[in-house]
>>> print(open('protein13.pdb').read())   # PDB, C-alpha atoms, pLDDT in the B column
ATOM      1  CA  MET A 542     -59.306 128.833-211.937  1.00 86.00           C
ATOM      2  CA  ILE A 543     -58.821 127.962-215.609  1.00 93.00           C
ATOM      3  CA  LEU A 544     -56.977 130.559-217.678  1.00 95.00           C
ATOM      4  CA  ARG A 545     -57.613 130.582-221.392  1.00 97.00           C
ATOM      5  CA  LEU A 546     -55.841 132.677-224.019  1.00 97.00           C
ATOM      6  CA  GLU A 547     -57.339 133.072-227.475  1.00 98.00           C
ATOM      7  CA  ASN A 548     -55.268 134.387-230.384  1.00 97.00           C
ATOM      8  CA  LEU A 549     -53.311 136.669-228.065  1.00 97.00           C
ATOM      9  CA  LEU A 550     -50.609 138.958-229.470  1.00 98.00           C
ATOM     10  CA  PRO A 551     -49.060 142.005-227.756  1.00 97.00           C
ATOM     11  CA  PHE A 552     -48.662 145.091-229.919  1.00 97.00           C
ATOM     12  CA  PRO A 553     -44.840 145.170-229.431  1.00 95.00           C
ATOM     13  CA  LEU A 554     -44.558 141.686-231.004  1.00 96.00           C
ATOM     14  CA  GLU A 555     -46.691 142.395-234.075  1.00 96.00           C
ATOM     15  CA  ASP A 556     -43.613 142.740-236.320  1.00 94.00           C
ATOM     16  CA  GLN A 557     -41.885 139.602-234.992  1.00 93.00           C
ATOM     17  CA  ASP A 558     -42.054 135.983-236.116  1.00 94.00           C
ATOM     18  CA  VAL A 559     -43.985 134.233-233.335  1.00 95.00           C
ATOM     19  CA  SER A 560     -44.548 130.972-235.187  1.00 95.00           C
ATOM     20  CA  VAL A 561     -42.535 128.916-232.647  1.00 95.00           C
ATOM     21  CA  SER A 562     -44.519 130.318-229.716  1.00 96.00           C
ATOM     22  CA  GLN A 563     -47.068 128.057-228.058  1.00 97.00           C
ATOM     23  CA  VAL A 564     -48.890 131.122-226.714  1.00 97.00           C
ATOM     24  CA  TRP A 565     -48.884 134.019-229.162  1.00 98.00           C
ATOM     25  CA  LYS A 566     -51.594 133.785-231.837  1.00 97.00           C
ATOM     26  CA  LYS A 567     -52.583 130.387-230.429  1.00 97.00           C
ATOM     27  CA  ASN A 568     -55.347 129.093-228.172  1.00 97.00           C
ATOM     28  CA  LYS A 569     -53.812 128.015-224.867  1.00 97.00           C
ATOM     29  CA  GLU A 570     -55.364 126.863-221.598  1.00 96.00           C
ATOM     30  CA  PHE A 571     -53.748 126.735-218.160  1.00 95.00           C
ATOM     31  CA  ASN A 572     -55.406 124.559-215.508  1.00 90.00           C
ATOM     32  CA  SER A 573     -55.169 125.493-211.847  1.00 85.00           C
ATOM     33  CA  GLY A 574     -53.042 123.340-209.596  1.00 92.00           C
ATOM     34  CA  LYS A 575     -50.341 122.967-212.274  1.00 95.00           C
ATOM     35  CA  PHE A 576     -46.785 124.282-212.279  1.00 96.00           C
ATOM     36  CA  MET A 577     -46.029 125.787-215.676  1.00 96.00           C
ATOM     37  CA  ARG A 578     -42.644 126.993-216.894  1.00 96.00           C
ATOM     38  CA  LEU A 579     -42.945 129.869-219.391  1.00 96.00           C
ATOM     39  CA  GLN A 580     -39.694 129.707-221.303  1.00 94.00           C
ATOM     40  CA  ALA A 581     -38.225 131.981-223.964  1.00 89.00           C
ATOM     41  CA  ALA A 582     -35.225 134.134-224.754  1.00 85.00           C
ATOM     42  CA  SER A 583     -35.222 137.767-223.676  1.00 86.00           C
ATOM     43  CA  GLY A 584     -37.551 139.990-225.663  1.00 86.00           C
ATOM     44  CA  LYS A 585     -40.080 137.298-226.558  1.00 90.00           C
ATOM     45  CA  GLY A 586     -42.757 138.497-224.167  1.00 94.00           C
ATOM     46  CA  LYS A 587     -42.530 136.387-220.991  1.00 95.00           C
ATOM     47  CA  SER A 588     -43.001 139.353-218.670  1.00 96.00           C
ATOM     48  CA  THR A 589     -45.577 140.822-221.034  1.00 96.00           C
ATOM     49  CA  LEU A 590     -47.643 137.638-220.759  1.00 97.00           C
ATOM     50  CA  ILE A 591     -47.524 137.777-216.955  1.00 97.00           C
ATOM     51  CA  HIS A 592     -48.605 141.425-217.032  1.00 97.00           C
ATOM     52  CA  ILE A 593     -51.463 140.707-219.452  1.00 97.00           C
ATOM     53  CA  ILE A 594     -52.774 137.886-217.256  1.00 97.00           C
ATOM     54  CA  TYR A 595     -52.525 140.135-214.197  1.00 97.00           C
ATOM     55  CA  GLY A 596     -54.421 142.897-216.007  1.00 95.00           C
ATOM     56  CA  ARG A 597     -51.481 145.283-215.946  1.00 94.00           C
ATOM     57  CA  ARG A 598     -51.232 145.589-219.740  1.00 95.00           C
ATOM     58  CA  LYS A 599     -53.983 146.207-222.265  1.00 94.00           C
ATOM     59  CA  ASP A 600     -51.865 146.614-225.416  1.00 96.00           C
ATOM     60  CA  PHE A 601     -52.737 143.380-227.162  1.00 97.00           C
ATOM     61  CA  THR A 602     -55.148 141.763-229.590  1.00 97.00           C
ATOM     62  CA  GLY A 603     -56.996 138.567-228.750  1.00 97.00           C
ATOM     63  CA  LYS A 604     -58.799 137.611-225.569  1.00 97.00           C
ATOM     64  CA  VAL A 605     -58.094 136.376-222.038  1.00 97.00           C
ATOM     65  CA  PHE A 606     -60.661 134.349-220.108  1.00 96.00           C
ATOM     66  CA  PHE A 607     -60.814 133.513-216.384  1.00 94.00           C
ATOM     67  CA  GLU A 608     -63.165 130.587-215.743  1.00 91.00           C
ATOM     68  CA  GLY A 609     -64.874 131.282-219.045  1.00 92.00           C
ATOM     69  CA  THR A 610     -65.339 135.017-218.431  1.00 94.00           C
ATOM     70  CA  GLU A 611     -63.573 137.397-220.814  1.00 95.00           C
ATOM     71  CA  VAL A 612     -61.626 139.952-218.789  1.00 93.00           C
ATOM     72  CA  GLY A 613     -61.649 142.832-221.282  1.00 89.00           C
ATOM     73  CA  ASN A 614     -64.604 144.495-219.583  1.00 85.00           C
ATOM     74  CA  PHE A 615     -63.553 143.930-215.975  1.00 93.00           C
ATOM     75  CA  SER A 616     -64.105 147.024-213.855  1.00 94.00           C
ATOM     76  CA  PRO A 617     -61.322 148.325-211.551  1.00 94.00           C
ATOM     77  CA  SER A 618     -63.208 146.876-208.579  1.00 95.00           C
ATOM     78  CA  LYS A 619     -63.422 143.468-210.262  1.00 96.00           C
ATOM     79  CA  TRP A 620     -59.691 143.511-210.989  1.00 96.00           C
ATOM     80  CA  ALA A 621     -59.041 144.438-207.346  1.00 95.00           C
ATOM     81  CA  GLU A 622     -61.100 141.445-206.239  1.00 95.00           C
ATOM     82  CA  VAL A 623     -59.273 139.100-208.624  1.00 96.00           C
ATOM     83  CA  ARG A 624     -55.875 140.328-207.453  1.00 96.00           C
ATOM     84  CA  GLN A 625     -56.834 139.952-203.798  1.00 95.00           C
ATOM     85  CA  GLN A 626     -58.337 136.472-204.069  1.00 95.00           C
ATOM     86  CA  LYS A 627     -57.220 134.727-207.269  1.00 96.00           C
ATOM     87  CA  PHE A 628     -53.717 135.949-208.164  1.00 97.00           C
ATOM     88  CA  SER A 629     -50.548 136.744-206.318  1.00 98.00           C
ATOM     89  CA  ILE A 630     -47.446 137.938-208.105  1.00 98.00           C
ATOM     90  CA  VAL A 631     -43.721 138.521-207.869  1.00 98.00           C
ATOM     91  CA  PHE A 632     -42.877 141.135-210.478  1.00 97.00           C
ATOM     92  CA  GLN A 633     -39.476 141.002-212.119  1.00 94.00           C
ATOM     93  CA  GLU A 634     -38.934 144.567-210.848  1.00 96.00           C
ATOM     94  CA  LEU A 635     -40.264 143.420-207.415  1.00 97.00           C
ATOM     95  CA  MET A 636     -42.225 146.642-206.654  1.00 96.00           C
ATOM     96  CA  LEU A 637     -41.109 146.949-203.028  1.00 98.00           C
ATOM     97  CA  PHE A 638     -41.207 150.222-201.101  1.00 98.00           C
ATOM     98  CA  PRO A 639     -37.538 151.214-200.729  1.00 98.00           C
ATOM     99  CA  ASP A 640     -38.007 153.335-197.605  1.00 98.00           C
ATOM    100  CA  LEU A 641     -39.749 150.521-195.729  1.00 98.00           C
ATOM    101  CA  THR A 642     -38.052 147.566-194.075  1.00 98.00           C
ATOM    102  CA  GLY A 643     -38.443 144.015-195.270  1.00 98.00           C
ATOM    103  CA  PHE A 644     -40.908 143.330-192.470  1.00 98.00           C
ATOM    104  CA  GLU A 645     -42.943 146.458-193.242  1.00 98.00           C
ATOM    105  CA  ASN A 646     -43.197 145.591-196.929  1.00 98.00           C
ATOM    106  CA  ILE A 647     -44.474 142.110-196.115  1.00 98.00           C
ATOM    107  CA  PHE A 648     -46.764 143.242-193.303  1.00 98.00           C
ATOM    108  CA  LEU A 649     -48.491 145.797-195.534  1.00 97.00           C
ATOM    109  CA  LYS A 650     -49.779 142.927-197.685  1.00 97.00           C
ATOM    110  CA  LEU A 651     -50.710 140.867-194.637  1.00 96.00           C
ATOM    111  CA  LYS A 652     -52.746 143.728-193.146  1.00 96.00           C
ATOM    112  CA  LEU A 653     -54.776 143.896-196.348  1.00 94.00           C
ATOM    113  CA  THR A 654     -55.523 140.183-196.512  1.00 95.00           C
ATOM    114  CA  GLY A 655     -55.428 138.851-192.952  1.00 96.00           C
ATOM    115  CA  TYR A 656     -54.435 135.511-194.458  1.00 97.00           C
ATOM    116  CA  TYR A 657     -51.875 134.608-191.778  1.00 97.00           C
ATOM    117  CA  GLU A 658     -50.933 135.762-188.297  1.00 97.00           C
ATOM    118  CA  LYS A 659     -47.939 138.094-188.402  1.00 96.00           C
ATOM    119  CA  GLU A 660     -45.743 135.511-186.668  1.00 97.00           C
ATOM    120  CA  ILE A 661     -45.508 133.697-190.007  1.00 98.00           C
ATOM    121  CA  ILE A 662     -43.301 136.480-191.383  1.00 98.00           C
ATOM    122  CA  PRO A 663     -40.160 135.734-189.324  1.00 98.00           C
ATOM    123  CA  GLU A 664     -40.790 132.006-189.740  1.00 98.00           C
ATOM    124  CA  MET A 665     -40.745 132.253-193.534  1.00 98.00           C
ATOM    125  CA  ALA A 666     -37.845 134.695-193.473  1.00 98.00           C
ATOM    126  CA  GLU A 667     -35.721 132.311-191.421  1.00 98.00           C
ATOM    127  CA  ARG A 668     -36.516 129.492-193.846  1.00 97.00           C
ATOM    128  CA  LEU A 669     -35.134 131.617-196.667  1.00 98.00           C
ATOM    129  CA  GLY A 670     -32.115 132.799-194.717  1.00 96.00           C
ATOM    130  CA  ALA A 671     -33.603 136.277-194.688  1.00 97.00           C
ATOM    131  CA  GLY A 672     -34.332 136.821-191.011  1.00 97.00           C
ATOM    132  CA  ARG A 673     -31.729 139.583-190.760  1.00 97.00           C
ATOM    133  CA  LEU A 674     -33.390 141.426-193.639  1.00 98.00           C
ATOM    134  CA  LEU A 675     -36.649 142.080-191.854  1.00 98.00           C
ATOM    135  CA  GLN A 676     -35.323 145.207-190.114  1.00 98.00           C
ATOM    136  CA  LYS A 677     -33.310 146.391-193.131  1.00 98.00           C
ATOM    137  CA  LYS A 678     -34.733 148.973-195.537  1.00 98.00           C
ATOM    138  CA  CYS A 679     -35.379 147.479-198.938  1.00 98.00           C
ATOM    139  CA  GLY A 680     -33.704 150.394-200.685  1.00 98.00           C
ATOM    140  CA  ILE A 681     -30.286 149.302-199.388  1.00 98.00           C
ATOM    141  CA  MET A 682     -30.754 145.572-199.981  1.00 98.00           C
ATOM    142  CA  SER A 683     -29.164 143.694-202.865  1.00 98.00           C
ATOM    143  CA  PHE A 684     -31.522 142.569-205.609  1.00 97.00           C
ATOM    144  CA  GLY A 685     -31.308 138.968-204.420  1.00 97.00           C
ATOM    145  CA  GLU A 686     -32.200 140.027-200.879  1.00 98.00           C
ATOM    146  CA  ARG A 687     -35.189 141.950-202.181  1.00 98.00           C
ATOM    147  CA  GLN A 688     -36.284 138.937-204.229  1.00 98.00           C
ATOM    148  CA  ARG A 689     -36.625 136.889-201.059  1.00 98.00           C
ATOM    149  CA  ILE A 690     -38.694 139.629-199.402  1.00 98.00           C
ATOM    150  CA  ALA A 691     -40.925 139.897-202.481  1.00 98.00           C
ATOM    151  CA  ILE A 692     -41.480 136.127-202.525  1.00 98.00           C
ATOM    152  CA  ILE A 693     -42.552 136.112-198.867  1.00 98.00           C
ATOM    153  CA  ARG A 694     -44.846 139.081-199.481  1.00 98.00           C
ATOM    154  CA  ALA A 695     -46.563 137.237-202.345  1.00 98.00           C
ATOM    155  CA  LEU A 696     -47.415 134.365-199.993  1.00 98.00           C
ATOM    156  CA  MET A 697     -49.328 136.623-197.593  1.00 98.00           C
ATOM    157  CA  GLN A 698     -52.646 136.289-199.412  1.00 98.00           C
ATOM    158  CA  PRO A 699     -55.039 133.718-200.859  1.00 97.00           C
ATOM    159  CA  PHE A 700     -54.489 132.840-204.503  1.00 97.00           C
ATOM    160  CA  GLU A 701     -55.363 130.247-207.106  1.00 97.00           C
ATOM    161  CA  TRP A 702     -52.445 131.218-209.338  1.00 97.00           C
ATOM    162  CA  LEU A 703     -49.011 132.446-208.304  1.00 98.00           C
ATOM    163  CA  LEU A 704     -47.317 134.479-211.049  1.00 98.00           C
ATOM    164  CA  LEU A 705     -43.512 134.477-210.779  1.00 98.00           C
ATOM    165  CA  ASP A 706     -41.468 136.548-213.227  1.00 96.00           C
ATOM    166  CA  GLU A 707     -37.888 135.178-213.084  1.00 95.00           C
ATOM    167  CA  PRO A 708     -38.130 135.038-209.270  1.00 95.00           C
ATOM    168  CA  PHE A 709     -34.682 133.491-208.692  1.00 95.00           C
ATOM    169  CA  SER A 710     -32.640 135.493-211.213  1.00 93.00           C
ATOM    170  CA  HIS A 711     -30.329 136.901-208.528  1.00 95.00           C
ATOM    171  CA  LEU A 712     -30.338 133.964-206.096  1.00 95.00           C
ATOM    172  CA  ASP A 713     -27.670 131.294-205.865  1.00 95.00           C
ATOM    173  CA  PRO A 714     -28.708 127.636-206.276  1.00 93.00           C
ATOM    174  CA  GLY A 715     -28.978 127.039-202.538  1.00 95.00           C
ATOM    175  CA  ASN A 716     -31.255 129.993-201.879  1.00 96.00           C
ATOM    176  CA  SER A 717     -33.251 129.234-205.029  1.00 96.00           C
ATOM    177  CA  LYS A 718     -33.894 125.724-203.716  1.00 96.00           C
ATOM    178  CA  LEU A 719     -35.083 127.039-200.339  1.00 97.00           C
ATOM    179  CA  ALA A 720     -37.420 129.542-202.006  1.00 97.00           C
ATOM    180  CA  ALA A 721     -38.785 126.946-204.424  1.00 97.00           C
ATOM    181  CA  GLU A 722     -39.557 124.539-201.567  1.00 97.00           C
ATOM    182  CA  LEU A 723     -41.485 127.225-199.671  1.00 98.00           C
ATOM    183  CA  ILE A 724     -43.400 128.286-202.785  1.00 98.00           C
ATOM    184  CA  ALA A 725     -44.342 124.695-203.627  1.00 97.00           C
ATOM    185  CA  GLU A 726     -45.600 124.102-200.066  1.00 97.00           C
ATOM    186  CA  GLU A 727     -47.726 127.250-200.073  1.00 98.00           C
ATOM    187  CA  CYS A 728     -49.214 126.459-203.483  1.00 97.00           C
ATOM    188  CA  LYS A 729     -50.075 122.954-202.288  1.00 96.00           C
ATOM    189  CA  LYS A 730     -51.898 124.378-199.249  1.00 96.00           C
ATOM    190  CA  ARG A 731     -54.107 126.403-201.568  1.00 96.00           C
ATOM    191  CA  ASN A 732     -54.297 123.796-204.358  1.00 96.00           C
ATOM    192  CA  ALA A 733     -52.947 126.618-206.513  1.00 97.00           C
ATOM    193  CA  GLY A 734     -50.991 126.635-209.725  1.00 96.00           C
ATOM    194  CA  ALA A 735     -47.938 128.660-210.670  1.00 97.00           C
ATOM    195  CA  LEU A 736     -46.778 130.344-213.859  1.00 97.00           C
ATOM    196  CA  ILE A 737     -43.011 130.828-213.722  1.00 97.00           C
ATOM    197  CA  THR A 738     -41.013 132.632-216.388  1.00 96.00           C
ATOM    198  CA  ALA A 739     -37.518 131.392-217.208  1.00 87.00           C
ATOM    199  CA  LEU A 740     -34.829 132.069-219.783  1.00 77.00           C
ATOM    200  CA  GLU A 741     -33.803 128.420-219.928  1.00 78.00           C
ATOM    201  CA  GLN A 742     -34.464 124.969-218.485  1.00 80.00           C
ATOM    202  CA  ASP A 743     -34.218 124.664-214.721  1.00 86.00           C
ATOM    203  CA  ASP A 744     -35.081 122.146-212.025  1.00 86.00           C
ATOM    204  CA  PHE A 745     -36.472 124.487-209.380  1.00 90.00           C
ATOM    205  CA  PHE A 746     -39.902 122.827-209.445  1.00 94.00           C
ATOM    206  CA  ASN A 747     -41.533 119.616-210.617  1.00 93.00           C
ATOM    207  CA  TYR A 748     -43.076 121.309-213.629  1.00 95.00           C
ATOM    208  CA  ASP A 749     -46.183 119.856-215.214  1.00 95.00           C
ATOM    209  CA  GLU A 750     -45.420 121.527-218.540  1.00 95.00           C
ATOM    210  CA  THR A 751     -42.938 123.820-220.256  1.00 95.00           C
ATOM    211  CA  VAL A 752     -44.596 126.343-222.559  1.00 96.00           C
ATOM    212  CA  ILE A 753     -42.536 128.168-225.184  1.00 95.00           C
ATOM    213  CA  VAL A 754     -43.548 131.826-225.222  1.00 95.00           C
TER     214      VAL A 754
END
>>> encode(input="protein13.pdb", output="structure tokens")
Amino acid sequence: MILRLENLLPFPLEDQDVSVSQVWKKNKEFNSGKFMRLQAASGKGKSTLIHIIYGRRKDFTGKVFFEGTEVGNFSPSKWAEVRQQKFSIVFQELMLFPDLTGFENIFLKLKLTGYYEKEIIPEMAERLGAGRLLQKKCGIMSFGERQRIAIIRALMQPFEWLLLDEPFSHLDPGNSKLAAELIAEECKKRNAGALITALEQDDFFNYDETVIV
């Protein structure tokens, strides 16, 4: 899936100087299969861009195209289809159910998609050092623990783009490396790309491009 942004500008940034941005008020294309770092200081719209692409925010001027189709008139059912088949996401706020366990949060997504057998859940959790978290309620986990659960949950569906909003912000370098390896493997299986927001340079992935937001 090719993503194209045309003259995009969120309403909250209308009074800011966005001249250094390679996204805002520019034409920008993202090609599937690529790993793209979206880099900027806080408050410059990294999360906003992720939310616009995912269809979560409508407060902007300009246009967004998926495979040449402008998304402004997508119906709720069309957005549901896109989110089930084309995009998966790890929100910065994670959006886990606090009263459910790690396993239950992941399995809810898996039941909807049927993408893997449920045995993959403990396998991925062990790879991320999160096996013990599967029976723990997410509401009493640390933020870093919840990040690992949210990452596994995002891999329980088909996607052409994986949207990651500062996914390792509360993980130490060792756990970040383990998570990045798993993400890269899963994207390769699907020939999918990834858009990853970051405050600064990092070496989590072999990025194809860094885009200043």
>>> closest_residue(input="protein13.pdb", among="A:Pro663, A:Gly603, A:Gly609, A:Gly680", to="Leu637 in chain A", atoms="only C-alpha atoms")
A:Gly680
>>> closest_atom_pairs(input="protein13.pdb", of="range 650-720 of chain A", to="range 614-625 of chain A", cutoff="10 Å", atoms="all atoms listed in the file", output="JSON lines")
{"residue": "A:Lys650", "atom": "CA", "partner": "A:Gln625", "partner_atom": "CA", "distance": 9.8}
{"residue": "A:Leu653", "atom": "CA", "partner": "A:Gln625", "partner_atom": "CA", "distance": 8.7}
{"residue": "A:Thr654", "atom": "CA", "partner": "A:Gln625", "partner_atom": "CA", "distance": 7.4}
{"residue": "A:Gln698", "atom": "CA", "partner": "A:Gln625", "partner_atom": "CA", "distance": 7.1}
{"residue": "A:Pro699", "atom": "CA", "partner": "A:Gln625", "partner_atom": "CA", "distance": 7.1}
{"residue": "A:Phe700", "atom": "CA", "partner": "A:Gln625", "partner_atom": "CA", "distance": 7.5}
{"residue": "A:Glu701", "atom": "CA", "partner": "A:Val623", "partner_atom": "CA", "distance": 9.8}
{"residue": "A:Trp702", "atom": "CA", "partner": "A:Arg624", "partner_atom": "CA", "distance": 9.9}
>>> resolve_selection(input="protein13.pdb", expression="the PyMOL selection byres ((chain A and resi 692-695) around 7)", output="MDAnalysis selection string")
chainID A and resid 629:631 647 650 665 688:691 696:698
>>> closest_residue(input="protein13.pdb", among="A:Glu547, A:Asp744, A:Glu664, A:Asp749", to="Trp565 in chain A", atoms="all atoms listed in the file")
A:Glu547
>>> atom_distance(input="protein13.pdb", atom1="CA of Ile593 in chain A", atom2="CA of Cys728 in chain A")
21.5 Å
>>> residues_around(input="protein13.pdb", residues="Lys587 in chain A", least_positions_apart="4", cutoff="9 Å", atoms="all atoms listed in the file", output="short mmCIF file (atom, residue, chain, number, x, y, z; two decimals) with C-alpha atoms, in the coordinates of the input")
data_model
loop_
_atom_site.label_atom_id
_atom_site.label_comp_id
_atom_site.auth_asym_id
_atom_site.auth_seq_id
_atom_site.Cartn_x
_atom_site.Cartn_y
_atom_site.Cartn_z
CA LEU A 579 -42.94 129.87 -219.39
CA GLN A 580 -39.69 129.71 -221.30
CA ALA A 581 -38.22 131.98 -223.96
CA ALA A 582 -35.22 134.13 -224.75
CA SER A 583 -35.22 137.77 -223.68
CA ILE A 591 -47.52 137.78 -216.96
CA HIS A 592 -48.60 141.43 -217.03
CA ASP A 706 -41.47 136.55 -213.23
CA THR A 738 -41.01 132.63 -216.39
CA ALA A 739 -37.52 131.39 -217.21
CA LEU A 740 -34.83 132.07 -219.78
CA VAL A 754 -43.55 131.83 -225.22
#
>>> atom_distance(input="protein13.pdb", atom1="CA of Thr610 in chain A", atom2="CA of Phe576 in chain A")
22.3 Å
>>> resolve_selection(input="protein13.pdb", expression="the PyMOL selection byres ((chain A and resi 745-748) around 8)", output="list in words")
Lys575, Phe576, Met577, Arg578, Ser717, Lys718, Ala721, Ala725, Asp743, Asp744, Asp749, Glu750 and Thr751 of chain A
>>> resolve_selection(input="protein13.pdb", expression="the PyMOL selection byres ((chain A and resi 574) around 6)", output="list of chain:residue names")
A:Ser573, A:Lys575, A:Asn732, A:Ala733, A:Gly734
>>> atom_distance(input="protein13.pdb", atom1="CA of Arg545 in chain A", atom2="CA of Phe632 in chain A")
21.2 Å
>>> closest_residue(input="protein13.pdb", among="A:Tyr656, A:Ala666, A:Leu704, A:Leu635", to="Phe684 in chain A", atoms="all atoms listed in the file")
A:Leu635
>>> residues_around(input="protein13.pdb", residues="Phe607 in chain A", least_positions_apart="5", cutoff="9 Å", atoms="all atoms listed in the file", output="NGL selection string")
:A and (542-545 or 612)
>>> closest_residue(input="protein13.pdb", among="A:Tyr657, A:Asn716, A:Glu645, A:Ser588", to="Gly670 in chain A", atoms="all atoms listed in the file")
A:Asn716
>>> axis_aligned_box(input="protein13.pdb", around="range 666-681 of chain A", padding_each_side="8 Å", output="AutoDock Vina command-line options")
--center_x -34.1 --center_y 139.9 --center_z -195.4 --size_x 23.6 --size_y 36.9 --size_z 26.6
>>> closest_residue(input="protein13.pdb", among="A:Leu546, A:Ile594, A:Ile753, A:Leu705", to="Ile737 in chain A", atoms="all atoms listed in the file")
A:Leu705
>>> residues_around(input="protein13.pdb", residues="Gln563 in chain A", least_positions_apart="4", cutoff="9 Å", atoms="all atoms listed in the file", output="ChimeraX atom specification")
/A:559,567-569,752-754
>>> closest_residue(input="protein13.pdb", among="A:Gly643, A:Leu554, A:Leu703, A:Gln633", to="Lys729 in chain A", atoms="only C-alpha atoms")
A:Leu703
>>> residues_near_point(input="protein13.pdb", point="(-35.6, 149.4, -196.2)", cutoff="9 Å", atoms="all atoms listed in the file", output="number ranges by chain")
A: 638-646, 674-682
